[in-house]
>>> print(open('target04.csv').read())   # CSV, C-alpha atoms
chain,number,residue,atom,x,y,z
A,1095,MET,CA,2.5,-4.3,29.8
A,1096,THR,CA,0.1,-4.8,27.0
A,1097,ARG,CA,-1.0,-1.2,26.5
A,1098,ILE,CA,2.1,0.7,25.4
A,1099,VAL,CA,1.8,4.5,25.5
A,1100,GLN,CA,3.7,6.1,22.6
A,1101,GLU,CA,5.1,9.6,22.1
A,1102,PRO,CA,4.1,11.5,18.9
A,1103,GLY,CA,6.1,9.9,16.1
A,1104,THR,CA,9.0,11.9,14.8
A,1105,LYS,CA,10.0,9.7,11.9
A,1106,GLY,CA,9.3,6.5,10.0
A,1107,SER,CA,6.2,4.4,10.0
A,1108,GLN,CA,5.1,5.4,13.5
A,1109,LYS,CA,5.0,9.0,12.5
A,1110,TRP,CA,3.2,8.4,9.2
A,1111,LEU,CA,0.7,6.0,10.7
A,1112,GLN,CA,-0.2,8.4,13.5
A,1113,LEU,CA,-0.7,11.2,11.0
A,1114,LEU,CA,-2.7,8.9,8.7
A,1115,ILE,CA,-5.1,7.6,11.3
A,1116,ASN,CA,-5.6,10.8,13.3
A,1117,GLN,CA,-5.7,13.3,10.5
A,1118,GLN,CA,-6.3,11.6,7.1
A,1119,PRO,CA,-8.1,8.3,7.8
A,1120,LYS,CA,-10.1,8.5,4.6
A,1121,ILE,CA,-7.0,7.7,2.6
A,1122,ILE,CA,-6.7,4.3,4.1
A,1123,GLU,CA,-10.4,3.8,4.6
A,1124,ASN,CA,-11.1,4.1,0.9
A,1125,HIS,CA,-8.7,1.1,0.3
A,1126,LEU,CA,-10.3,-0.9,3.1
A,1127,ARG,CA,-13.8,-0.3,1.9
A,1128,GLN,CA,-13.0,-1.7,-1.4
A,1129,ALA,CA,-11.0,-4.7,-0.1
A,1130,LEU,CA,-13.6,-5.6,2.5
A,1131,GLU,CA,-16.5,-4.9,0.2
A,1132,LEU,CA,-18.1,-2.5,2.7
A,1133,ILE,CA,-21.3,-0.8,1.7
A,1134,SER,CA,-21.9,3.0,2.1
A,1135,SER,CA,-23.6,2.5,5.5
A,1136,ASP,CA,-20.8,0.5,7.0
A,1137,GLU,CA,-18.6,2.5,9.3
A,1138,ILE,CA,-14.9,2.0,10.2
A,1139,TYR,CA,-13.9,2.8,13.8
A,1140,TRP,CA,-10.2,3.3,14.6
A,1141,ARG,CA,-9.2,1.9,18.0
A,1142,SER,CA,-5.4,2.7,17.9
A,1143,PRO,CA,-3.2,4.6,17.6
A,1144,LEU,CA,-5.3,7.6,18.7
A,1145,ALA,CA,-4.1,10.9,19.9
A,1146,PRO,CA,-6.6,11.1,22.9
A,1147,ASP,CA,-5.3,7.6,23.9
A,1148,LYS,CA,-1.6,8.9,23.9
A,1149,TYR,CA,-1.1,7.0,20.6
A,1150,SER,CA,-1.1,3.7,22.6
A,1151,GLU,CA,-0.4,0.4,20.9
A,1152,TYR,CA,-1.8,-2.9,22.1
A,1153,SER,CA,-0.8,-6.5,22.5
A,1154,ASP,CA,-1.9,-9.8,24.1
A,1155,GLU,CA,-5.3,-9.8,25.8
A,1156,ASP,CA,-5.5,-6.0,25.7
A,1157,PHE,CA,-5.6,-6.0,21.9
A,1158,LEU,CA,-8.6,-8.3,22.0
A,1159,GLU,CA,-10.3,-6.0,24.5
A,1160,GLN,CA,-9.5,-3.0,22.3
A,1161,VAL,CA,-11.4,-4.4,19.4
A,1162,SER,CA,-14.2,-5.8,21.7
A,1163,ILE,CA,-13.9,-9.5,20.9
A,1164,ARG,CA,-13.6,-12.7,22.9
A,1165,ILE,CA,-12.1,-15.8,21.4
A,1166,GLU,CA,-13.4,-18.9,23.0
A,1167,GLN,CA,-12.8,-21.8,20.6
A,1168,ARG,CA,-9.0,-21.5,20.7
A,1169,SER,CA,-7.7,-19.1,23.3
A,1170,LEU,CA,-4.8,-16.6,22.7
A,1171,GLU,CA,-3.1,-18.0,25.8
A,1172,SER,CA,-3.0,-21.5,24.3
A,1173,PHE,CA,-1.8,-20.3,20.9
A,1174,TRP,CA,0.8,-17.7,21.8
A,1175,PRO,CA,3.0,-16.9,24.8
A,1176,GLU,CA,2.8,-13.5,26.6
A,1177,ARG,CA,4.5,-10.5,25.1
A,1178,GLY,CA,3.1,-11.3,21.6
A,1179,PRO,CA,2.8,-8.9,18.7
A,1180,VAL,CA,2.3,-5.3,19.4
A,1181,TRP,CA,-0.2,-4.0,16.8
A,1182,ASP,CA,0.7,-0.7,15.0
A,1183,GLY,CA,-3.0,-0.1,14.5
A,1184,LEU,CA,-6.4,-1.6,15.3
A,1185,ALA,CA,-9.8,-0.9,13.8
A,1186,THR,CA,-13.3,-2.4,13.7
A,1187,THR,CA,-16.3,-2.0,11.4
A,1188,SER,CA,-20.0,-1.6,12.2
A,1189,ARG,CA,-20.4,-4.8,10.3
A,1190,GLY,CA,-18.3,-6.7,12.8
A,1191,ASP,CA,-14.9,-6.9,11.1
A,1192,VAL,CA,-11.7,-6.7,13.0
A,1193,ILE,CA,-8.7,-5.0,11.2
A,1194,LEU,CA,-5.2,-5.6,12.4
A,1195,VAL,CA,-2.6,-3.1,11.1
A,1196,GLU,CA,1.1,-3.4,10.5
A,1197,ALA,CA,2.9,-0.4,9.0
A,1198,LYS,CA,6.3,-0.1,7.3
A,1199,SER,CA,8.1,2.8,5.7
A,1200,HIS,CA,11.5,1.3,4.9
A,1201,VAL,CA,12.8,-2.1,3.9
A,1202,ALA,CA,14.8,-2.8,7.1
A,1203,GLU,CA,11.6,-2.9,9.1
A,1204,LEU,CA,10.6,-6.1,7.3
A,1205,ALA,CA,13.5,-8.2,8.8
A,1206,SER,CA,13.2,-9.9,12.2
A,1207,SER,CA,13.8,-13.2,13.9
A,1208,CYS,CA,12.3,-14.9,16.9
A,1209,GLY,CA,14.1,-14.2,20.2
A,1210,ALA,CA,11.8,-16.1,22.6
A,1211,GLY,CA,13.1,-18.5,25.2
A,1212,ASP,CA,12.9,-22.3,24.9
A,1213,SER,CA,9.4,-22.8,26.4
A,1214,ALA,CA,7.8,-19.9,24.6
A,1215,ARG,CA,9.6,-20.8,21.4
A,1216,LYS,CA,8.1,-24.3,21.5
A,1217,LEU,CA,4.5,-22.9,21.5
A,1218,ILE,CA,5.4,-20.3,18.9
A,1219,ARG,CA,6.9,-22.9,16.6
A,1220,GLU,CA,3.9,-25.2,16.9
A,1221,SER,CA,1.5,-22.3,16.1
A,1222,LEU,CA,3.5,-21.0,13.2
A,1223,LYS,CA,3.6,-24.6,11.8
A,1224,ASP,CA,-0.2,-24.8,11.9
A,1225,ALA,CA,-0.6,-21.4,10.4
A,1226,ALA,CA,2.0,-22.1,7.6
A,1227,GLU,CA,0.1,-25.3,6.7
A,1228,PHE,CA,-3.2,-23.3,6.5
A,1229,TYR,CA,-1.6,-20.8,4.2
A,1230,GLY,CA,-0.2,-23.5,2.0
A,1231,ALA,CA,3.5,-22.6,2.7
A,1232,SER,CA,6.3,-24.9,1.7
A,1233,PRO,CA,7.0,-27.4,4.6
A,1234,ASP,CA,10.7,-26.4,4.8
A,1235,ALA,CA,10.1,-22.7,4.9
A,1236,ASP,CA,11.5,-20.9,8.0
A,1237,TRP,CA,8.9,-18.8,9.8
A,1238,LEU,CA,11.0,-18.2,12.9
A,1239,ASN,CA,13.9,-16.4,11.2
A,1240,GLY,CA,14.3,-13.8,8.6
A,1241,PHE,CA,10.8,-12.4,8.4
A,1242,TYR,CA,9.4,-13.6,11.7
A,1243,GLN,CA,7.2,-10.5,12.3
A,1244,TYR,CA,5.3,-11.0,9.1
A,1245,ALA,CA,4.9,-14.6,9.9
A,1246,ASN,CA,3.5,-14.1,13.4
A,1247,ARG,CA,1.0,-11.5,12.1
A,1248,LEU,CA,-0.3,-14.1,9.6
A,1249,ALA,CA,-0.5,-16.6,12.5
A,1250,HIS,CA,-2.7,-14.2,14.6
A,1251,LEU,CA,-4.9,-13.7,11.6
A,1252,TYR,CA,-5.2,-17.5,11.3
A,1253,LEU,CA,-6.0,-17.7,15.1
A,1254,LEU,CA,-8.9,-15.1,14.8
A,1255,ARG,CA,-10.4,-16.1,11.5
A,1256,GLN,CA,-9.8,-19.8,11.0
A,1257,LEU,CA,-9.7,-21.1,14.6
A,1258,ASN,CA,-12.3,-18.7,16.1
A,1259,GLY,CA,-14.5,-17.6,13.3
A,1260,ILE,CA,-13.8,-13.9,13.8
A,1261,PRO,CA,-14.1,-11.9,10.6
A,1262,ALA,CA,-10.6,-10.5,10.9
A,1263,TRP,CA,-8.4,-8.9,8.3
A,1264,LEU,CA,-4.7,-8.1,8.3
A,1265,CYS,CA,-3.7,-4.8,6.7
A,1266,PHE,CA,-0.1,-4.0,5.8
A,1267,ILE,CA,0.4,-0.3,5.2
A,1268,TYR,CA,3.5,0.4,3.1
A,1269,PHE,CA,4.6,4.1,3.0
A,1270,VAL,CA,6.1,5.2,-0.2
A,1271,ASN,CA,8.7,8.1,-0.5
A,1272,ASP,CA,9.9,8.2,3.1
A,1273,ASP,CA,13.1,10.0,2.1
A,1274,GLU,CA,14.2,10.4,5.8
A,1275,MET,CA,14.3,6.6,6.1
A,1276,ASN,CA,15.5,6.0,2.6
A,1277,GLY,CA,12.3,4.0,1.9
A,1278,PRO,CA,11.1,2.6,-1.4
A,1279,ARG,CA,10.1,5.2,-3.9
A,1280,SER,CA,7.4,3.3,-5.7
A,1281,ILE,CA,4.7,0.7,-5.2
A,1282,VAL,CA,6.7,-1.6,-7.5
A,1283,ASP,CA,9.8,-1.3,-5.3
A,1284,TRP,CA,7.7,-2.3,-2.3
A,1285,GLN,CA,6.1,-5.2,-4.2
A,1286,SER,CA,9.5,-6.5,-5.0
A,1287,GLU,CA,10.4,-6.6,-1.4
A,1288,ILE,CA,7.1,-8.2,-0.4
A,1289,ALA,CA,7.8,-10.9,-3.0
A,1290,VAL,CA,11.1,-11.6,-1.2
A,1291,VAL,CA,9.2,-12.0,2.1
A,1292,HIS,CA,6.6,-14.3,0.6
A,1293,SER,CA,9.3,-16.4,-1.1
A,1294,HIS,CA,11.2,-16.8,2.2
A,1295,LEU,CA,8.0,-17.9,3.9
A,1296,GLY,CA,7.3,-20.4,1.2
A,1297,LEU,CA,4.2,-18.6,0.0
A,1298,GLU,CA,3.1,-18.3,-3.6
A,1299,THR,CA,4.2,-14.7,-4.5
A,1300,GLN,CA,1.7,-14.4,-7.4
A,1301,SER,CA,-1.4,-15.3,-5.4
A,1302,LEU,CA,-3.3,-13.3,-2.8
A,1303,ILE,CA,-3.1,-14.4,0.8
A,1304,PRO,CA,-6.6,-14.8,2.1
A,1305,PHE,CA,-7.9,-11.8,4.1
A,1306,VAL,CA,-4.6,-9.9,3.8
A,1307,VAL,CA,-4.8,-6.4,2.4
A,1308,ASP,CA,-1.7,-4.4,1.1
A,1309,VAL,CA,-2.1,-0.6,1.0
A,1310,PHE,CA,0.4,1.8,-0.3
A,1311,VAL,CA,0.4,5.4,0.9
A,1312,ASP,CA,2.5,8.1,-0.6
A,1313,VAL,CA,4.1,10.2,2.2
A,1314,ASP,CA,4.2,13.3,-0.1
A,1315,LYS,CA,0.5,13.1,-0.8
A,1316,LEU,CA,-0.3,12.4,2.9
A,1317,GLN,CA,1.6,15.5,4.0
A,1318,LEU,CA,-0.1,17.7,1.4
A,1319,ALA,CA,-3.5,16.4,2.5
A,1320,ALA,CA,-2.7,17.0,6.2
A,1321,LYS,CA,-1.4,20.6,5.5
A,1322,SER,CA,-4.5,21.3,3.4
A,1323,HIS,CA,-6.7,20.1,6.2
A,1324,GLU,CA,-4.9,22.2,8.7
A,1325,SER,CA,-5.2,25.3,6.5
A,1326,CYS,CA,-8.9,24.8,6.1
A,1327,ASN,CA,-9.4,24.4,9.9
A,1328,SER,CA,-7.3,27.5,10.7
A,1329,GLY,CA,-9.4,29.5,8.3
A,1330,LYS,CA,-12.6,28.7,10.2
A,1331,LEU,CA,-14.2,31.2,12.5
>>> encode(input="target04.csv", output="structure tokens")
Amino acid sequence: MTRIVQEPGTKGSQKWLQLLINQQPKIIENHLRQALELISSDEIYWRSPLAPDKYSEYSDEDFLEQVSIRIEQRSLESFWPERGPVWDGLATTSRGDVILVEAKSHVAELASSCGAGDSARKLIRESLKDAAEFYGASPDADWLNGFYQYANRLAHLYLLRQLNGIPAWLCFIYFVNDDEMNGPRSIVDWQSEIAVVHSHLGLETQSLIPFVVDVFVDVDKLQLAAKSHESCNSGKL
């Protein structure tokens, strides 16, 4: 199943991302506008996770359909086996950009390893190797274990932008001050953890990865903004 219906999030990154996208999208859009160099007339359209769509998340061919693109030069099927990445969020712009979103609120969410079977693993390994070479990673870096999720998100960005010419962007949203999950309490704390990920993947930690945007959202400020919005709406006649 490549459209995955979700319940309203009760904690962690799922909760905060749903709140961010459905109630306070301007917080993230301000960062994206700057990073993508959008002009004032450019619009950002959120495709998931949306409350009217039961906060659904998408993967495989359905994620391509959700952002209204077809990739014909190198197909998704030839690049990655079924049951690929499930995207936390998806957006498009009126300019034609595709924005892939991955959200984290605590450090443990960064860690993962590939659990695919032999045949699927072979294709994954080949595609990760190609992507790693494109990003200039160290040849001996392990993209299958340790921080596999981060690696496969980079690989899909490579598939869209480099192999198919789609103006795609990968946005990592890091939530700060998620006390319920004992998450990082500052941007600096998150940046230290991200540097560990980059080092493991053999990437230069001091250089920007092309078309990857890191956004840090303070949970406390997000909640205050949401409460203020609710208060204003409740006061309307």
>>> residues_around(input="target04.csv", residues="A:Pro1102", least_positions_apart="5", cutoff="10 Å", atoms="only C-alpha atoms", output="ChimeraX atom specification")
/A:1108-1109,1112-1113,1145,1148-1149
>>> closest_residue(input="target04.csv", among="A:Asn1276, A:Thr1186, A:Ser1322, A:Ser1232", to="A:Glu1123", atoms="all atoms listed in the file")
A:Thr1186
>>> closest_residue(input="target04.csv", among="A:Gln1160, A:Ser1107, A:Ser1135, A:Ser1207", to="A:Asp1147", atoms="only C-alpha atoms")
A:Gln1160
>>> closest_residue(input="target04.csv", among="A:Asp1308, A:Asp1234, A:Glu1220, A:Asp1314", to="A:Ile1288", atoms="only C-alpha atoms")
A:Asp1308
>>> closest_residue(input="target04.csv", among="A:Ser1221, A:Gln1100, A:Ser1213, A:Ser1206", to="A:Ser1150", atoms="only C-alpha atoms")
A:Gln1100
>>> atom_distance(input="target04.csv", atom1="atom CA of A:Leu1158", atom2="atom CA of A:Val1192")
9.7 Å
>>> residues_around(input="target04.csv", residues="A:Gly1106", least_positions_apart="3", cutoff="8 Å", atoms="all atoms listed in the file", output="VMD selection string")
chain A and resid 1103 1109 to 1110 1198 to 1200 1272 1274 to 1275
>>> atom_distance(input="target04.csv", atom1="atom CA of A:Ala1289", atom2="atom CA of A:His1250")
20.8 Å
>>> closest_residue(input="target04.csv", among="A:Ile1133, A:Ile1121, A:Ala1225, A:Leu1126", to="A:Leu1264", atoms="only C-alpha atoms")
A:Leu1126
>>> closest_residue(input="target04.csv", among="A:Phe1241, A:Ser1142, A:Arg1097, A:Arg1127", to="A:Ala1202", atoms="all atoms listed in the file")
A:Phe1241
>>> residues_around(input="target04.csv", residues="A:Ile1138", least_positions_apart="3", cutoff="12 Å", atoms="only C-alpha atoms", output="ChimeraX atom specification")
/A:1115,1119-1120,1122-1127,1130,1132-1135,1141,1161,1184-1193
>>> write_last_selection(input="target04.csv", atoms="C-alpha atoms", output="PDB file, in the coordinates of the input")
ATOM      1  CA  ILE A1115      -5.100   7.600  11.300  1.00  0.00           C
ATOM      2  CA  PRO A1119      -8.100   8.300   7.800  1.00  0.00           C
ATOM      3  CA  LYS A1120     -10.100   8.500   4.600  1.00  0.00           C
ATOM      4  CA  ILE A1122      -6.700   4.300   4.100  1.00  0.00           C
ATOM      5  CA  GLU A1123     -10.400   3.800   4.600  1.00  0.00           C
ATOM      6  CA  ASN A1124     -11.100   4.100   0.900  1.00  0.00           C
ATOM      7  CA  HIS A1125      -8.700   1.100   0.300  1.00  0.00           C
ATOM      8  CA  LEU A1126     -10.300  -0.900   3.100  1.00  0.00           C
ATOM      9  CA  ARG A1127     -13.800  -0.300   1.900  1.00  0.00           C
ATOM     10  CA  LEU A1130     -13.600  -5.600   2.500  1.00  0.00           C
ATOM     11  CA  LEU A1132     -18.100  -2.500   2.700  1.00  0.00           C
ATOM     12  CA  ILE A1133     -21.300  -0.800   1.700  1.00  0.00           C
ATOM     13  CA  SER A1134     -21.900   3.000   2.100  1.00  0.00           C
ATOM     14  CA  SER A1135     -23.600   2.500   5.500  1.00  0.00           C
ATOM     15  CA  ARG A1141      -9.200   1.900  18.000  1.00  0.00           C
ATOM     16  CA  VAL A1161     -11.400  -4.400  19.400  1.00  0.00           C
ATOM     17  CA  LEU A1184      -6.400  -1.600  15.300  1.00  0.00           C
ATOM     18  CA  ALA A1185      -9.800  -0.900  13.800  1.00  0.00           C
ATOM     19  CA  THR A1186     -13.300  -2.400  13.700  1.00  0.00           C
ATOM     20  CA  THR A1187     -16.300  -2.000  11.400  1.00  0.00           C
ATOM     21  CA  SER A1188     -20.000  -1.600  12.200  1.00  0.00           C
ATOM     22  CA  ARG A1189     -20.400  -4.800  10.300  1.00  0.00           C
ATOM     23  CA  GLY A1190     -18.300  -6.700  12.800  1.00  0.00           C
ATOM     24  CA  ASP A1191     -14.900  -6.900  11.100  1.00  0.00           C
ATOM     25  CA  VAL A1192     -11.700  -6.700  13.000  1.00  0.00           C
ATOM     26  CA  ILE A1193      -8.700  -5.000  11.200  1.00  0.00           C
TER      27      ILE A1193
END
>>> atom_distance(input="target04.csv", atom1="atom CA of A:Leu1114", atom2="atom CA of A:Val1291")
24.9 Å
>>> residues_around(input="target04.csv", residues="A:Gly1209", least_positions_apart="6", cutoff="12 Å", atoms="all atoms listed in the file", output="PyMOL selection string")
chain A and resi 1177-1178+1215-1216+1218-1219+1238-1240+1242-1243
>>> residues_around(input="target04.csv", residues="A:Gly1183", least_positions_apart="3", cutoff="8 Å", atoms="all atoms listed in the file", output="ChimeraX atom specification")
/A:1140-1143,1151,1194-1196
>>> build_atoms(input="target04.csv", residues="stretch 1255-1285 of chain A", atoms="N, CA and C atoms", output="PDB file, keeping the file's coordinate frame")
ATOM      1  N   ARG A1255      -9.465 -15.743  12.580  1.00  0.00           N
ATOM      2  CA  ARG A1255     -10.400 -16.100  11.500  1.00  0.00           C
ATOM      3  C   ARG A1255     -10.691 -17.548  11.397  1.00  0.00           C
ATOM      4  N   GLN A1256      -9.638 -18.345  11.310  1.00  0.00           N
ATOM      5  CA  GLN A1256      -9.800 -19.800  11.000  1.00  0.00           C
ATOM      6  C   GLN A1256     -10.165 -20.560  12.298  1.00  0.00           C
ATOM      7  N   LEU A1257      -9.495 -20.255  13.400  1.00  0.00           N
ATOM      8  CA  LEU A1257      -9.700 -21.100  14.600  1.00  0.00           C
ATOM      9  C   LEU A1257     -10.847 -20.539  15.476  1.00  0.00           C
ATOM     10  N   ASN A1258     -11.241 -19.277  15.290  1.00  0.00           N
ATOM     11  CA  ASN A1258     -12.300 -18.700  16.100  1.00  0.00           C
ATOM     12  C   ASN A1258     -13.458 -18.099  15.379  1.00  0.00           C
ATOM     13  N   GLY A1259     -13.386 -18.103  14.049  1.00  0.00           N
ATOM     14  CA  GLY A1259     -14.500 -17.600  13.300  1.00  0.00           C
ATOM     15  C   GLY A1259     -14.759 -16.122  13.363  1.00  0.00           C
ATOM     16  N   ILE A1260     -13.737 -15.355  13.727  1.00  0.00           N
ATOM     17  CA  ILE A1260     -13.800 -13.900  13.800  1.00  0.00           C
ATOM     18  C   ILE A1260     -13.567 -13.331  12.394  1.00  0.00           C
ATOM     19  N   PRO A1261     -14.395 -12.441  11.874  1.00  0.00           N
ATOM     20  CA  PRO A1261     -14.100 -11.900  10.600  1.00  0.00           C
ATOM     21  C   PRO A1261     -13.002 -10.841  10.598  1.00  0.00           C
ATOM     22  N   ALA A1262     -11.795 -11.358  10.711  1.00  0.00           N
ATOM     23  CA  ALA A1262     -10.600 -10.500  10.900  1.00  0.00           C
ATOM     24  C   ALA A1262      -9.887 -10.327   9.542  1.00  0.00           C
ATOM     25  N   TRP A1263      -9.201  -9.202   9.447  1.00  0.00           N
ATOM     26  CA  TRP A1263      -8.400  -8.900   8.300  1.00  0.00           C
ATOM     27  C   TRP A1263      -7.054  -8.334   8.749  1.00  0.00           C
ATOM     28  N   LEU A1264      -6.028  -8.616   7.971  1.00  0.00           N
ATOM     29  CA  LEU A1264      -4.700  -8.100   8.300  1.00  0.00           C
ATOM     30  C   LEU A1264      -4.303  -7.120   7.189  1.00  0.00           C
ATOM     31  N   CYS A1265      -4.050  -5.880   7.617  1.00  0.00           N
ATOM     32  CA  CYS A1265      -3.700  -4.800   6.700  1.00  0.00           C
ATOM     33  C   CYS A1265      -2.296  -4.368   6.849  1.00  0.00           C
ATOM     34  N   PHE A1266      -1.491  -4.562   5.805  1.00  0.00           N
ATOM     35  CA  PHE A1266      -0.100  -4.000   5.800  1.00  0.00           C
ATOM     36  C   PHE A1266      -0.131  -2.702   5.072  1.00  0.00           C
ATOM     37  N   ILE A1267       0.305  -1.667   5.757  1.00  0.00           N
ATOM     38  CA  ILE A1267       0.400  -0.300   5.200  1.00  0.00           C
ATOM     39  C   ILE A1267       1.869  -0.063   4.850  1.00  0.00           C
ATOM     40  N   TYR A1268       2.144   0.158   3.581  1.00  0.00           N
ATOM     41  CA  TYR A1268       3.500   0.400   3.100  1.00  0.00           C
ATOM     42  C   TYR A1268       3.590   1.898   2.678  1.00  0.00           C
ATOM     43  N   PHE A1269       4.406   2.679   3.370  1.00  0.00           N
ATOM     44  CA  PHE A1269       4.600   4.100   3.000  1.00  0.00           C
ATOM     45  C   PHE A1269       5.619   4.256   1.946  1.00  0.00           C
ATOM     46  N   VAL A1270       5.260   4.998   0.933  1.00  0.00           N
ATOM     47  CA  VAL A1270       6.100   5.200  -0.200  1.00  0.00           C
ATOM     48  C   VAL A1270       6.739   6.654  -0.098  1.00  0.00           C
ATOM     49  N   ASN A1271       7.998   6.786  -0.510  1.00  0.00           N
ATOM     50  CA  ASN A1271       8.700   8.100  -0.500  1.00  0.00           C
ATOM     51  C   ASN A1271       9.034   8.642   0.828  1.00  0.00           C
ATOM     52  N   ASP A1272       9.352   7.759   1.768  1.00  0.00           N
ATOM     53  CA  ASP A1272       9.900   8.200   3.100  1.00  0.00           C
ATOM     54  C   ASP A1272      11.357   8.491   2.899  1.00  0.00           C
ATOM     55  N   ASP A1273      11.714   9.671   2.442  1.00  0.00           N
ATOM     56  CA  ASP A1273      13.100  10.000   2.100  1.00  0.00           C
ATOM     57  C   ASP A1273      13.982   9.992   3.396  1.00  0.00           C
ATOM     58  N   GLU A1274      13.406  10.388   4.541  1.00  0.00           N
ATOM     59  CA  GLU A1274      14.200  10.400   5.800  1.00  0.00           C
ATOM     60  C   GLU A1274      14.710   9.039   6.143  1.00  0.00           C
ATOM     61  N   MET A1275      13.945   8.006   5.812  1.00  0.00           N
ATOM     62  CA  MET A1275      14.300   6.600   6.100  1.00  0.00           C
ATOM     63  C   MET A1275      14.865   5.891   4.918  1.00  0.00           C
ATOM     64  N   ASN A1276      15.038   6.608   3.818  1.00  0.00           N
ATOM     65  CA  ASN A1276      15.500   6.000   2.600  1.00  0.00           C
ATOM     66  C   ASN A1276      14.603   4.831   2.159  1.00  0.00           C
ATOM     67  N   GLY A1277      13.306   5.074   2.261  1.00  0.00           N
ATOM     68  CA  GLY A1277      12.300   4.000   1.900  1.00  0.00           C
ATOM     69  C   GLY A1277      12.090   3.888   0.459  1.00  0.00           C
ATOM     70  N   PRO A1278      11.399   2.826   0.055  1.00  0.00           N
ATOM     71  CA  PRO A1278      11.100   2.600  -1.400  1.00  0.00           C
ATOM     72  C   PRO A1278      10.325   3.797  -1.950  1.00  0.00           C
ATOM     73  N   ARG A1279      10.624   4.064  -3.216  1.00  0.00           N
ATOM     74  CA  ARG A1279      10.100   5.200  -3.900  1.00  0.00           C
ATOM     75  C   ARG A1279       8.917   4.934  -4.797  1.00  0.00           C
ATOM     76  N   SER A1280       8.511   3.695  -4.840  1.00  0.00           N
ATOM     77  CA  SER A1280       7.400   3.300  -5.700  1.00  0.00           C
ATOM     78  C   SER A1280       6.679   2.098  -5.137  1.00  0.00           C
ATOM     79  N   ILE A1281       5.450   1.898  -5.596  1.00  0.00           N
ATOM     80  CA  ILE A1281       4.700   0.700  -5.200  1.00  0.00           C
ATOM     81  C   ILE A1281       5.445  -0.541  -5.748  1.00  0.00           C
ATOM     82  N   VAL A1282       5.982  -0.444  -6.943  1.00  0.00           N
ATOM     83  CA  VAL A1282       6.700  -1.600  -7.500  1.00  0.00           C
ATOM     84  C   VAL A1282       7.899  -1.967  -6.689  1.00  0.00           C
ATOM     85  N   ASP A1283       8.612  -0.973  -6.156  1.00  0.00           N
ATOM     86  CA  ASP A1283       9.800  -1.300  -5.300  1.00  0.00           C
ATOM     87  C   ASP A1283       9.297  -2.045  -4.053  1.00  0.00           C
ATOM     88  N   TRP A1284       8.203  -1.615  -3.448  1.00  0.00           N
ATOM     89  CA  TRP A1284       7.700  -2.300  -2.300  1.00  0.00           C
ATOM     90  C   TRP A1284       7.230  -3.731  -2.653  1.00  0.00           C
ATOM     91  N   GLN A1285       6.572  -3.862  -3.778  1.00  0.00           N
ATOM     92  CA  GLN A1285       6.100  -5.200  -4.200  1.00  0.00           C
ATOM     93  C   GLN A1285       7.218  -6.165  -4.401  1.00  0.00           C
TER      94      GLN A1285
END
